[in-house]
>>> print(open('start-v3.txt').read())   # compact mmCIF, C-alpha atoms and all ligand atoms
# COMPACT_ATOMS: atom_id res chain seq x y z
CA MET A 1 34.46 81.51 19.16
CA ILE A 2 37.25 80.30 16.85
CA LEU A 3 37.72 81.20 13.19
CA VAL A 4 39.23 78.51 10.97
CA LEU A 5 40.63 79.88 7.72
CA ASN A 6 41.81 77.84 4.77
CA GLY A 7 43.64 79.51 1.91
CA PRO A 8 44.23 78.90 -1.78
CA ASN A 9 43.51 75.48 -3.29
CA LEU A 10 42.31 73.93 -0.04
CA ASN A 11 38.84 73.82 -1.60
CA LEU A 12 40.34 71.06 -3.76
CA LEU A 13 40.99 68.73 -0.83
CA GLY A 14 39.84 65.24 -1.69
CA THR A 15 40.94 65.42 -5.31
CA ARG A 16 44.12 67.50 -5.01
CA GLU A 17 47.27 65.33 -4.73
CA PRO A 18 45.59 62.75 -2.48
CA SER A 19 48.96 61.11 -1.78
CA VAL A 20 49.98 64.35 -0.06
CA TYR A 21 46.71 65.72 1.34
CA GLY A 22 44.56 62.60 1.72
CA SER A 23 41.15 61.87 0.23
CA ASP A 24 38.91 63.74 2.66
CA THR A 25 37.31 66.92 1.33
CA LEU A 26 37.22 70.49 2.67
CA GLU A 27 33.62 69.82 3.70
CA ASP A 28 34.84 66.81 5.73
CA LEU A 29 37.56 68.94 7.34
CA GLU A 30 35.12 71.73 8.21
CA SER A 31 32.61 69.34 9.78
CA MET A 32 35.44 67.74 11.80
CA CYS A 33 36.49 71.20 13.01
CA GLU A 34 32.90 72.00 14.03
CA SER A 35 32.59 68.75 15.91
CA TRP A 36 36.00 69.17 17.64
CA GLY A 37 34.88 72.69 18.57
CA ALA A 38 31.63 71.31 20.04
CA ASP A 39 33.68 68.84 22.13
CA LEU A 40 35.80 71.76 23.38
CA GLY A 41 32.72 73.89 24.07
CA VAL A 42 33.55 76.54 21.47
CA THR A 43 31.72 77.68 18.38
CA VAL A 44 33.77 77.25 15.22
CA THR A 45 33.28 79.15 11.98
CA CYS A 46 35.13 77.83 8.92
CA ARG A 47 35.90 79.84 5.81
CA GLN A 48 37.98 79.13 2.71
CA SER A 49 39.17 81.45 -0.02
CA SER A 50 41.73 81.24 -2.78
CA HIS A 51 41.96 85.06 -2.70
CA GLU A 52 44.54 86.66 -0.43
CA GLY A 53 42.43 89.80 0.10
CA ASN A 54 39.46 87.81 1.43
CA LEU A 55 41.70 86.12 4.01
CA ILE A 56 43.17 89.49 4.99
CA ASP A 57 39.71 91.09 5.33
CA TRP A 58 38.49 88.18 7.49
CA ILE A 59 41.56 88.52 9.75
CA HIS A 60 40.99 92.29 10.09
CA GLU A 61 37.33 91.79 11.01
CA ALA A 62 37.75 88.75 13.26
CA LYS A 63 38.04 90.53 16.60
CA SER A 64 35.12 92.87 16.06
CA ALA A 65 33.08 89.91 14.80
CA GLY A 66 33.57 88.32 18.24
CA PHE A 67 36.20 85.68 17.44
CA LYS A 68 38.74 84.92 20.18
CA GLY A 69 41.34 83.06 18.14
CA ILE A 70 42.22 82.03 14.59
CA VAL A 71 43.47 78.78 13.06
CA ILE A 72 44.86 79.39 9.60
CA ASN A 73 46.21 77.21 6.83
CA PRO A 74 47.40 79.86 4.40
CA GLY A 75 48.29 77.30 1.69
CA ALA A 76 51.04 78.55 -0.61
CA LEU A 77 50.57 82.13 0.67
CA THR A 78 52.53 80.87 3.70
CA HIS A 79 55.69 80.95 1.68
CA TYR A 80 55.57 84.47 0.24
CA SER A 81 52.66 86.63 1.41
CA TYR A 82 54.02 89.55 3.40
CA ALA A 83 50.55 91.09 3.17
CA LEU A 84 49.07 88.13 5.04
CA ARG A 85 51.90 88.26 7.56
CA ASP A 86 51.24 91.98 8.15
CA ALA A 87 47.50 91.30 8.56
CA ILE A 88 48.21 88.71 11.26
CA ALA A 89 50.80 90.96 12.93
CA GLY A 90 48.43 93.93 12.83
CA GLN A 91 45.73 92.42 15.00
CA SER A 92 45.68 91.06 18.52
CA LEU A 93 43.95 87.67 18.37
CA PRO A 94 46.13 84.57 18.87
CA VAL A 95 46.73 82.77 15.58
CA VAL A 96 47.98 79.20 15.01
CA GLU A 97 49.31 78.18 11.58
CA VAL A 98 48.47 74.68 10.38
CA HIS A 99 49.70 72.63 7.43
CA ILE A 100 48.22 69.28 6.54
CA SER A 101 51.42 68.04 4.90
CA ASN A 102 54.88 68.11 6.44
CA VAL A 103 56.15 71.19 4.65
CA ASP A 104 59.68 70.65 6.01
CA ALA A 105 59.88 67.28 4.25
CA ARG A 106 58.91 68.74 0.87
CA GLU A 107 60.46 71.20 -1.62
CA SER A 108 62.88 73.68 -0.02
CA TRP A 109 60.68 76.68 -0.91
CA ARG A 110 57.99 75.19 1.35
CA HIS A 111 60.41 75.23 4.29
CA VAL A 112 60.03 79.00 4.49
CA SER A 113 57.00 80.43 6.26
CA VAL A 114 56.74 84.20 6.23
CA THR A 115 53.60 83.98 8.38
CA ALA A 116 54.62 81.58 11.18
CA GLY A 117 56.79 84.20 12.90
CA VAL A 118 53.75 86.31 13.75
CA CYS A 119 51.67 83.31 14.86
CA LYS A 120 51.72 81.65 18.28
CA GLY A 121 53.15 78.58 16.58
CA LYS A 122 52.95 76.24 13.62
CA ILE A 123 51.72 72.65 13.31
CA SER A 124 52.78 70.79 10.19
CA GLY A 125 52.50 67.26 8.88
CA LEU A 126 49.83 65.87 11.20
CA GLY A 127 47.03 65.90 8.65
CA PHE A 128 43.64 67.24 9.73
CA THR A 129 44.60 66.48 13.36
CA GLY A 130 46.71 69.65 13.26
CA TYR A 131 43.51 71.72 13.21
CA LYS A 132 42.20 69.84 16.27
CA LEU A 133 45.45 70.43 18.18
CA ALA A 134 45.43 74.10 17.20
CA MET A 135 41.88 74.49 18.51
CA GLU A 136 42.77 72.69 21.75
CA TYR A 137 45.73 75.03 22.22
CA LEU A 138 43.61 78.14 21.60
CA THR A 139 40.86 76.92 23.93
CA ASP A 140 43.40 76.29 26.72
CA LEU A 141 45.00 79.69 26.10
CA LEU A 142 41.66 81.48 26.17
CA SER A 143 40.45 79.73 29.29
CA ALA A 144 43.72 80.59 31.07
CA SER A 145 43.36 84.30 30.23
C1 LIG A 201 49.78 73.35 2.73
C2 LIG A 201 51.25 73.31 2.33
C3 LIG A 201 51.57 74.39 1.32
O1 LIG A 201 52.94 74.33 0.93
C4 LIG A 201 50.72 74.23 0.08
O2 LIG A 201 50.98 75.26 -0.83
C5 LIG A 201 49.28 74.12 0.41
C6 LIG A 201 48.86 73.29 1.53
C7 LIG A 201 49.42 72.17 3.66
O3 LIG A 201 48.35 72.23 4.26
O4 LIG A 201 50.17 71.20 3.76
O5 LIG A 201 48.43 74.62 -0.32
O6 LIG A 201 49.54 74.55 3.45
>>> encode(input="start-v3.txt", output="structure tokens", more="lines below")
Ligand code: DQA
Amino acid sequence: MILVLNGPNLNLLGTREPSVYGSDTLEDLESMCESWGADLGVTVTCRQSSHEGNLIDWIHEAKSAGFKGIVINPGALTHYSYALRDAIAGQSLPVVEVHISNVDARESWRHVSVTAGVCKGKISGLGFTGYKLAMEYLTDLLSAS
């Protein structure tokens, strides 16, 4: 079971800066994740919140809720949320960070991720495909363990 978390402003996908994030909506992204999960033989639960505390609570609860891995796009929290970093560091599930846009090709403040260092790795700039690759990685990792 994989938990897919999307952070602040990702509910605006589809209308938010379409030249950067594309024209597909969060609902489109979540149904793609569910269908990629079905192809991989894993159940996927998708959640979005623009509130840091909700994301932190979901990360804390993920293991006891039965999840085996987490895919997270923390949105702008990536760049400054030590609380989110500590939440990821403080639990034992493997976490993969995903960004739809290529953060390294954008403003310099987006080049910093305070969360990636406590994740297994980071995928950036591959659009929604990044979520698919993150789920494939987690599924391989879980089946190897
Ligand atoms: C983002 C990149 C962040 O810099 C930005 O604040 C977002 C979305 C991405 O998916 O490309 O909200 O995480």
>>> residues_near_ligand(input="start-v3.txt", ligand="ligand LIG 201 (chain A)", cutoff="8 Å", atoms="all atoms listed in the file", output="PyMOL selection string")
chain A and resi 7-10+20-21+73-79+98-103+110+124-125+127
>>> write_last_selection(input="start-v3.txt", atoms="C-alpha atoms", output="PDB file, in the frame of the given file")
ATOM      1  CA  GLY A   7      43.640  79.510   1.910  1.00  0.00           C
ATOM      2  CA  PRO A   8      44.230  78.900  -1.780  1.00  0.00           C
ATOM      3  CA  ASN A   9      43.510  75.480  -3.290  1.00  0.00           C
ATOM      4  CA  LEU A  10      42.310  73.930  -0.040  1.00  0.00           C
ATOM      5  CA  VAL A  20      49.980  64.350  -0.060  1.00  0.00           C
ATOM      6  CA  TYR A  21      46.710  65.720   1.340  1.00  0.00           C
ATOM      7  CA  ASN A  73      46.210  77.210   6.830  1.00  0.00           C
ATOM      8  CA  PRO A  74      47.400  79.860   4.400  1.00  0.00           C
ATOM      9  CA  GLY A  75      48.290  77.300   1.690  1.00  0.00           C
ATOM     10  CA  ALA A  76      51.040  78.550  -0.610  1.00  0.00           C
ATOM     11  CA  LEU A  77      50.570  82.130   0.670  1.00  0.00           C
ATOM     12  CA  THR A  78      52.530  80.870   3.700  1.00  0.00           C
ATOM     13  CA  HIS A  79      55.690  80.950   1.680  1.00  0.00           C
ATOM     14  CA  VAL A  98      48.470  74.680  10.380  1.00  0.00           C
ATOM     15  CA  HIS A  99      49.700  72.630   7.430  1.00  0.00           C
ATOM     16  CA  ILE A 100      48.220  69.280   6.540  1.00  0.00           C
ATOM     17  CA  SER A 101      51.420  68.040   4.900  1.00  0.00           C
ATOM     18  CA  ASN A 102      54.880  68.110   6.440  1.00  0.00           C
ATOM     19  CA  VAL A 103      56.150  71.190   4.650  1.00  0.00           C
ATOM     20  CA  ARG A 110      57.990  75.190   1.350  1.00  0.00           C
ATOM     21  CA  SER A 124      52.780  70.790  10.190  1.00  0.00           C
ATOM     22  CA  GLY A 125      52.500  67.260   8.880  1.00  0.00           C
ATOM     23  CA  GLY A 127      47.030  65.900   8.650  1.00  0.00           C
TER      24      GLY A 127
END
>>> atom_distance(input="start-v3.txt", atom1="CA of Ala38 (chain A)", atom2="CA of Gly121 (chain A)")
23.0 Å
>>> closest_residue(input="start-v3.txt", among="A:Leu93, A:Ala83, A:Ile59, A:Val71", to="Lys132 (chain A)", atoms="all atoms listed in the file")
A:Val71
>>> atom_distance(input="start-v3.txt", atom1="CA of Met1 (chain A)", atom2="CA of Ser64 (chain A)")
11.8 Å
>>> residues_around(input="start-v3.txt", residues="Leu12 (chain A)", least_positions_apart="2", cutoff="12 Å", atoms="only C-alpha atoms", output="short mmCIF file (atom, residue, chain, number, x, y, z; two decimals) with C-alpha atoms, in the coordinates of the input")
data_model
loop_
_atom_site.label_atom_id
_atom_site.label_comp_id
_atom_site.auth_asym_id
_atom_site.auth_seq_id
_atom_site.Cartn_x
_atom_site.Cartn_y
_atom_site.Cartn_z
CA ASN A 6 41.81 77.84 4.77
CA GLY A 7 43.64 79.51 1.91
CA PRO A 8 44.23 78.90 -1.78
CA ASN A 9 43.51 75.48 -3.29
CA LEU A 10 42.31 73.93 -0.04
CA GLY A 14 39.84 65.24 -1.69
CA THR A 15 40.94 65.42 -5.31
CA ARG A 16 44.12 67.50 -5.01
CA GLU A 17 47.27 65.33 -4.73
CA PRO A 18 45.59 62.75 -2.48
CA TYR A 21 46.71 65.72 1.34
CA GLY A 22 44.56 62.60 1.72
CA SER A 23 41.15 61.87 0.23
CA ASP A 24 38.91 63.74 2.66
CA THR A 25 37.31 66.92 1.33
CA LEU A 26 37.22 70.49 2.67
CA GLU A 27 33.62 69.82 3.70
CA ASP A 28 34.84 66.81 5.73
CA LEU A 29 37.56 68.94 7.34
CA GLN A 48 37.98 79.13 2.71
CA SER A 49 39.17 81.45 -0.02
CA SER A 50 41.73 81.24 -2.78
CA GLY A 75 48.29 77.30 1.69
#
>>> atom_distance(input="start-v3.txt", atom1="CA of Leu141 (chain A)", atom2="CA of Asp104 (chain A)")
26.5 Å
>>> axis_aligned_box(input="start-v3.txt", around="region 129-132 of chain A", padding_each_side="6 Å", output="JSON")
{"center_x": 44.5, "center_y": 69.1, "center_z": 14.7, "size_x": 16.5, "size_y": 17.2, "size_z": 15.1}
>>> closest_residue(input="start-v3.txt", among="A:Ala116, A:Ala62, A:Leu13, A:Val4", to="Gln91 (chain A)", atoms="all atoms listed in the file")
A:Ala62
>>> residues_around(input="start-v3.txt", residues="region 32-36 of chain A", least_positions_apart="4", cutoff="9 Å", atoms="only C-alpha atoms", output="VMD selection string")
chain A and resid 4 27 to 28 40 to 46 128 131 to 132 135 to 136
>>> residues_near_point(input="start-v3.txt", point="(45.6, 81.0, 18.2)", cutoff="7 Å", atoms="all atoms listed in the file", output="tab-separated table (two decimals) with C-alpha atoms, in the coordinates of the input")
chain	number	residue	atom	x	y	z
A	69	GLY	CA	41.34	83.06	18.14
A	70	ILE	CA	42.22	82.03	14.59
A	71	VAL	CA	43.47	78.78	13.06
A	93	LEU	CA	43.95	87.67	18.37
A	94	PRO	CA	46.13	84.57	18.87
A	95	VAL	CA	46.73	82.77	15.58
A	96	VAL	CA	47.98	79.20	15.01
A	120	LYS	CA	51.72	81.65	18.28
A	134	ALA	CA	45.43	74.10	17.20
A	138	LEU	CA	43.61	78.14	21.60
>>> closest_residue(input="start-v3.txt", among="A:Thr115, A:Glu52, A:Ile2, A:Tyr82", to="Leu142 (chain A)", atoms="all atoms listed in the file")
A:Ile2
>>> closest_residue(input="start-v3.txt", among="A:Thr129, A:Glu61, A:Asn54, A:Asn11", to="Ser92 (chain A)", atoms="all atoms listed in the file")
A:Glu61
